[in-house]
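> Input final.csv, format and content: CSV, C-alpha atoms.
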chain,number,residue,atom,x,y,z
A,1,GLN,CA,96.9,81.3,91.5
A,2,GLU,CA,96.3,79.6,88.1
A,3,LYS,CA,95.7,76.4,90.0
A,4,VAL,CA,93.2,78.1,92.3
A,5,GLN,CA,91.4,79.6,89.3
A,6,PHE,CA,91.3,76.1,87.6
A,7,VAL,CA,89.7,74.7,90.8
A,8,ILE,CA,87.1,77.5,90.9
A,9,ASP,CA,86.3,77.2,87.2
A,10,THR,CA,86.0,73.4,87.2
A,11,LEU,CA,83.8,73.4,90.3
A,12,GLU,CA,81.5,76.1,88.9
A,13,LYS,CA,81.1,74.1,85.7
A,14,THR,CA,80.5,70.9,87.6
A,15,TYR,CA,78.1,72.3,90.1
A,16,PRO,CA,76.4,75.4,88.7
A,17,GLU,CA,73.4,74.7,91.0
A,18,ILE,CA,74.7,73.8,94.5
A,19,PRO,CA,72.4,71.5,96.5
A,20,ILE,CA,72.4,72.1,100.3
A,21,PRO,CA,73.3,68.7,102.0
A,22,LEU,CA,71.2,69.0,105.1
A,23,ASP,CA,67.4,69.6,104.9
A,24,HIS,CA,66.2,72.6,107.0
A,25,LYS,CA,63.8,75.5,106.8
A,26,ASP,CA,65.4,78.2,109.0
A,27,PRO,CA,68.6,78.9,111.0
A,28,TYR,CA,67.4,76.9,114.1
A,29,THR,CA,66.6,73.7,112.1
A,30,LEU,CA,69.9,74.1,110.3
A,31,LEU,CA,71.8,74.4,113.5
A,32,ILE,CA,70.2,71.3,114.9
A,33,ALA,CA,70.8,69.3,111.7
A,34,VAL,CA,74.5,70.3,111.6
A,35,LEU,CA,75.0,69.4,115.2
A,36,MET,CA,73.4,66.0,114.6
A,37,SER,CA,75.6,65.4,111.5
A,38,ALA,CA,78.8,65.2,113.5
A,39,GLN,CA,80.4,61.7,112.8
A,40,SER,CA,77.2,60.7,111.0
A,41,THR,CA,76.0,61.0,107.4
A,42,ASP,CA,73.8,63.7,105.9
A,43,VAL,CA,71.5,61.0,104.5
A,44,ARG,CA,70.9,59.5,107.9
A,45,VAL,CA,70.4,62.9,109.5
A,46,ASN,CA,67.9,63.9,106.8
A,47,LYS,CA,65.9,60.8,107.7
A,48,ILE,CA,65.7,61.6,111.4
A,49,THR,CA,65.3,65.4,111.5
A,50,PRO,CA,61.7,65.3,110.2
A,51,LEU,CA,60.8,63.1,113.1
A,52,LEU,CA,62.3,65.5,115.6
A,53,PHE,CA,61.1,68.7,113.9
A,54,GLU,CA,57.5,67.3,113.8
A,55,ARG,CA,57.7,67.4,117.7
A,56,ALA,CA,59.8,70.5,118.0
A,57,ASP,CA,61.2,72.8,115.3
A,58,ASN,CA,61.9,75.8,117.5
A,59,PRO,CA,63.7,76.3,120.8
A,60,TYR,CA,60.4,76.9,122.8
A,61,ASP,CA,58.9,73.5,121.8
A,62,MET,CA,62.3,71.8,122.1
A,63,ILE,CA,62.7,72.5,125.8
A,64,LYS,CA,59.3,71.1,126.4
A,65,LEU,CA,60.8,67.7,125.4
A,66,SER,CA,63.1,66.0,127.9
A,67,VAL,CA,66.7,65.2,127.0
A,68,GLU,CA,65.6,61.5,127.1
A,69,GLU,CA,62.8,62.1,124.6
A,70,ILE,CA,65.2,63.9,122.2
A,71,ARG,CA,67.7,61.1,122.6
A,72,ASP,CA,65.1,58.4,121.7
A,73,ILE,CA,64.2,60.3,118.5
A,74,ILE,CA,67.8,61.0,117.4
A,75,ARG,CA,69.4,57.7,118.5
A,76,PRO,CA,70.0,56.4,114.9
A,77,VAL,CA,72.4,59.2,114.1
A,78,GLY,CA,74.9,58.2,116.8
A,79,LEU,CA,76.4,60.0,119.7
A,80,SER,CA,72.8,60.6,120.9
A,81,PRO,CA,73.6,61.2,124.6
A,82,MET,CA,75.9,64.1,123.9
A,83,LYS,CA,73.8,65.5,121.0
A,84,SER,CA,70.5,65.3,122.9
A,85,LYS,CA,72.0,67.2,125.8
A,86,GLY,CA,73.5,69.8,123.4
A,87,ILE,CA,70.2,70.3,121.6
A,88,HIS,CA,68.2,70.7,124.8
A,89,GLY,CA,70.9,72.9,126.4
A,90,LEU,CA,71.5,75.2,123.5
A,91,SER,CA,67.7,75.7,123.0
A,92,HIS,CA,67.6,77.0,126.6
A,93,ILE,CA,70.5,79.4,126.0
A,94,LEU,CA,68.9,80.7,122.8
A,95,ILE,CA,65.7,81.5,124.8
A,96,ASP,CA,67.6,83.0,127.8
A,97,LYS,CA,70.3,84.9,126.0
A,98,HIS,CA,69.2,85.5,122.4
A,99,ASP,CA,65.4,85.9,122.4
A,100,GLY,CA,65.0,82.5,121.0
A,101,LYS,CA,66.9,83.3,117.8
A,102,VAL,CA,70.1,81.8,116.4
A,103,PRO,CA,73.0,84.4,116.8
A,104,GLN,CA,74.7,85.5,113.6
A,105,ASN,CA,78.3,85.4,114.7
A,106,LEU,CA,80.8,82.7,115.4
A,107,GLU,CA,81.6,83.8,119.0
A,108,ASP,CA,78.1,83.4,120.3
A,109,LEU,CA,77.5,80.2,118.3
A,110,GLU,CA,80.7,78.6,119.6
A,111,GLU,CA,79.6,79.2,123.2
A,112,LEU,CA,76.5,77.0,122.7
A,113,PRO,CA,76.9,73.4,124.0
A,114,ALA,CA,77.9,70.8,121.4
A,115,VAL,CA,78.6,73.5,118.8
A,116,GLY,CA,82.2,73.7,117.7
A,117,HIS,CA,83.9,76.0,115.2
A,118,LYS,CA,82.9,73.9,112.2
A,119,THR,CA,79.2,73.7,113.1
A,120,ALA,CA,79.2,77.5,113.8
A,121,SER,CA,80.9,78.1,110.4
A,122,VAL,CA,78.3,76.1,108.5
A,123,VAL,CA,75.5,77.9,110.2
A,124,ILE,CA,76.7,81.5,109.5
A,125,SER,CA,77.6,80.4,106.0
A,126,GLN,CA,74.4,78.6,105.0
A,127,ALA,CA,71.8,80.3,107.2
A,128,PHE,CA,73.1,83.9,107.0
A,129,GLY,CA,75.3,84.0,103.9
A,130,ILE,CA,78.2,85.3,106.0
A,131,PRO,CA,81.5,84.2,104.4
A,132,ALA,CA,83.1,81.2,106.2
A,133,PHE,CA,85.1,78.2,105.2
A,134,PRO,CA,84.0,75.2,107.3
A,135,VAL,CA,86.5,72.3,106.7
A,136,ASP,CA,85.3,68.8,106.9
A,137,THR,CA,87.1,65.6,106.0
A,138,HIS,CA,86.3,65.9,102.3
A,139,ILE,CA,87.7,69.5,102.1
A,140,HIS,CA,90.7,68.5,104.2
A,141,ARG,CA,91.5,65.5,101.9
A,142,LEU,CA,91.0,67.5,98.7
A,143,MET,CA,93.1,70.5,99.7
A,144,TYR,CA,95.9,68.1,100.5
A,145,ARG,CA,95.6,66.1,97.3
A,146,TRP,CA,95.4,69.4,95.3
A,147,ASN,CA,98.6,70.6,96.9
A,148,LEU,CA,96.8,73.7,98.3
A,149,SER,CA,97.5,72.8,102.0
A,150,ASN,CA,100.0,70.6,103.8
A,151,GLY,CA,97.3,68.4,105.4
A,152,LYS,CA,98.7,69.0,108.9
A,153,ASN,CA,95.3,69.7,110.5
A,154,VAL,CA,91.9,71.2,109.7
A,155,VAL,CA,92.9,74.5,111.3
A,156,GLN,CA,95.8,74.9,108.8
A,157,THR,CA,93.5,73.8,105.9
A,158,GLU,CA,91.0,76.4,106.8
A,159,LYS,CA,93.7,79.1,106.9
A,160,ASP,CA,95.0,78.1,103.5
A,161,ALA,CA,91.6,77.9,101.9
A,162,LYS,CA,90.7,81.4,103.2
A,163,ARG,CA,94.0,82.7,102.0
A,164,LEU,CA,93.8,81.2,98.5
A,165,PHE,CA,90.1,81.6,97.6
A,166,PRO,CA,88.3,84.9,97.2
A,167,LYS,CA,86.1,85.6,100.1
A,168,GLU,CA,82.9,86.1,98.1
A,169,LYS,CA,83.4,82.5,96.8
A,170,TRP,CA,83.9,80.8,100.2
A,171,ASN,CA,80.3,79.8,100.8
A,172,ASP,CA,79.8,78.2,97.4
A,173,LEU,CA,83.2,76.6,97.2
A,174,HIS,CA,83.0,74.9,100.6
A,175,LEU,CA,79.8,73.1,99.4
A,176,GLN,CA,81.2,72.5,95.8
A,177,ILE,CA,84.3,70.9,97.2
A,178,ILE,CA,82.3,68.6,99.5
A,179,TRP,CA,80.1,67.4,96.6
A,180,TYR,CA,83.2,67.0,94.4
A,181,GLY,CA,85.0,65.0,97.1
A,182,ARG,CA,82.1,62.7,97.5
A,183,GLU,CA,81.6,62.2,93.8
A,184,TYR,CA,85.0,62.3,92.2
A,185,CYS,CA,87.7,62.2,94.9
A,186,PRO,CA,86.6,60.0,97.7
A,187,ALA,CA,88.9,58.5,100.4
A,188,ARG,CA,88.1,55.0,99.2
A,189,GLY,CA,87.3,53.6,95.8
A,190,TRP,CA,88.9,56.7,94.2
A,191,ASN,CA,89.3,56.7,90.4
A,192,LEU,CA,91.8,59.3,89.3
A,193,ASP,CA,90.7,59.1,85.7
A,194,ASN,CA,87.3,60.7,86.7
A,195,ASP,CA,89.0,63.3,88.9
A,196,ILE,CA,89.9,66.0,86.5
A,197,ILE,CA,91.1,68.4,89.2
A,198,THR,CA,93.6,66.1,91.0
A,199,LYS,CA,94.7,64.7,87.7
A,200,THR,CA,95.5,68.2,86.5
A,201,ILE,CA,97.0,69.9,89.6
A,202,GLY,CA,97.4,67.2,92.1
A,203,ARG,CA,100.3,66.8,94.5
A,204,LYS,CA,102.9,64.6,92.8
A,205,LYS,CA,103.3,62.3,95.8
A,206,VAL,CA,99.5,61.7,95.9
A,207,ILE,CA,99.4,60.8,92.2
A,208,ASP,CA,102.6,58.6,92.4
A,209,ASP,CA,101.1,56.7,95.4
A,210,TYR,CA,97.8,56.3,93.5
A,211,LEU,CA,99.6,54.9,90.4
A,212,LYS,CA,101.7,52.6,92.6
A,213,MET,CA,98.7,51.2,94.4
A,214,LYS,CA,96.8,50.7,91.1
A,215,LYS,CA,99.8,48.8,89.7
A,216,THR,CA,99.9,46.4,92.7
A,217,ARG,CA,96.2,45.8,92.3
A,218,SER,CA,96.1,45.2,88.5
Translate this file's structure into structure tokens.


Amino acid sequence: QEKVQFVIDTLEKTYPEIPIPLDHKDPYTLLIAVLMSAQSTDVRVNKITPLLFERADNPYDMIKLSVEEIRDIIRPVGLSPMKSKGIHGLSHILIDKHDGKVPQNLEDLEELPAVGHKTASVVISQAFGIPAFPVDTHIHRLMYRWNLSNGKNVVQTEKDAKRLFPKEKWNDLHLQIIWYGREYCPARGWNLDNDIITKTIGRKKVIDDYLKMKKTRS
């Protein structure tokens, strides 16, 4: 519990203001941006979404575009055949089943094409402020390095995060951990000296491996 409090305190000191990684203006544009970010980078998605949203920033305009037109616009983010079908298909479902609005619960969101548990969690968390703990590669890596989860899979990591962290902090923490992971605790080019959290509470094996690797490089 002390470890958990240390993580929370350090992240709150480091990121008192938490930037939102994906540019959007409402639940629908957030949903589309999160869907597009799968196996891509936020930076790349933020370059492409304005081009798409200029043509269509709501489901009614989106279904006026063909799947091919959507695909041509979003091609640079990768996986565009699947994503364009998903964007077009989910826009139809929002109109047919949800009065054109993005539903505010995981079950309905996860029924939409190309929307998995993580995408749905990000949307309810960031668009509606409902507590969720979407686990991406950064969170998965850090929870393992910090010895707060066994790193078996993202499902386990999410369970552990929700068990360890207070619910009212989930939405902030999930973003703070992502920013911290990118800045201080990346997968490659990691410098433990700058990473106060891992240095203080990190899994012994992770730190030992890091020091071994540093020795062989020096």

> Rounded to one decimal in Å, what is the spacing between atom CA of A:Val43 and atom CA of A:Pro81?

20.2 Å

> Using all atoms listed in the file, which protein or nucleic acid residues come within 10 Å of A:Phe128? Drop anything in the same chain fewer than 2 positions from it, and give the result as a ChimeraX atom specification.

/A:26-27,103-105,122-126,130-131

> Could you check the closest approach to A:Gly86 for each of A:Trp179, A:His138, A:Leu31, A:Val4 and tell me which residue wins, using all atoms listed in the file?

A:Leu31

> One decimal, Å: what's the distance from atom CA of A:Arg182 over to atom CA of A:Leu11, could you say?

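A separation of 13.0 Å between them.
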
> In Å, rounded to a single decimal, give me how far atom CA of A:Phe165 is from atom CA of A:Glu2.

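The value is 11.5 Å.
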
> Would you please work out which residue, of A:Glu54, A:Asp136, A:Glu17, A:Asp61, is nearest to A:Ile177 when using all atoms listed in the file?

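Among A:Glu54, A:Asp136, A:Glu17, A:Asp61, it is A:Asp136 that comes nearest to A:Ile177.
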
> Quick one: everything within 10 Å of A:Asn153, counting all atoms listed in the file, minus sequence neighbours fewer than 5 positions away in the same chain. Send it as number ranges by chain.

A: 135, 140, 158

> Counting all atoms listed in the file, give me one row per residue of stretch 79-167 of chain A with an atom at most 7 Å from an atom of stretch 195-202 of chain A, showing the shortest contact pair and its distance in Å to one decimal, sorted by chain then residue number, as a Markdown table.


| residue | atom | partner | partner_atom | distance |
| --- | --- | --- | --- | --- |
| A:Arg145 | CA | A:Gly202 | CA | 5.6 |
| A:Trp146 | CA | A:Gly202 | CA | 4.4 |
| A:Asn147 | CA | A:Gly202 | CA | 6.0 |
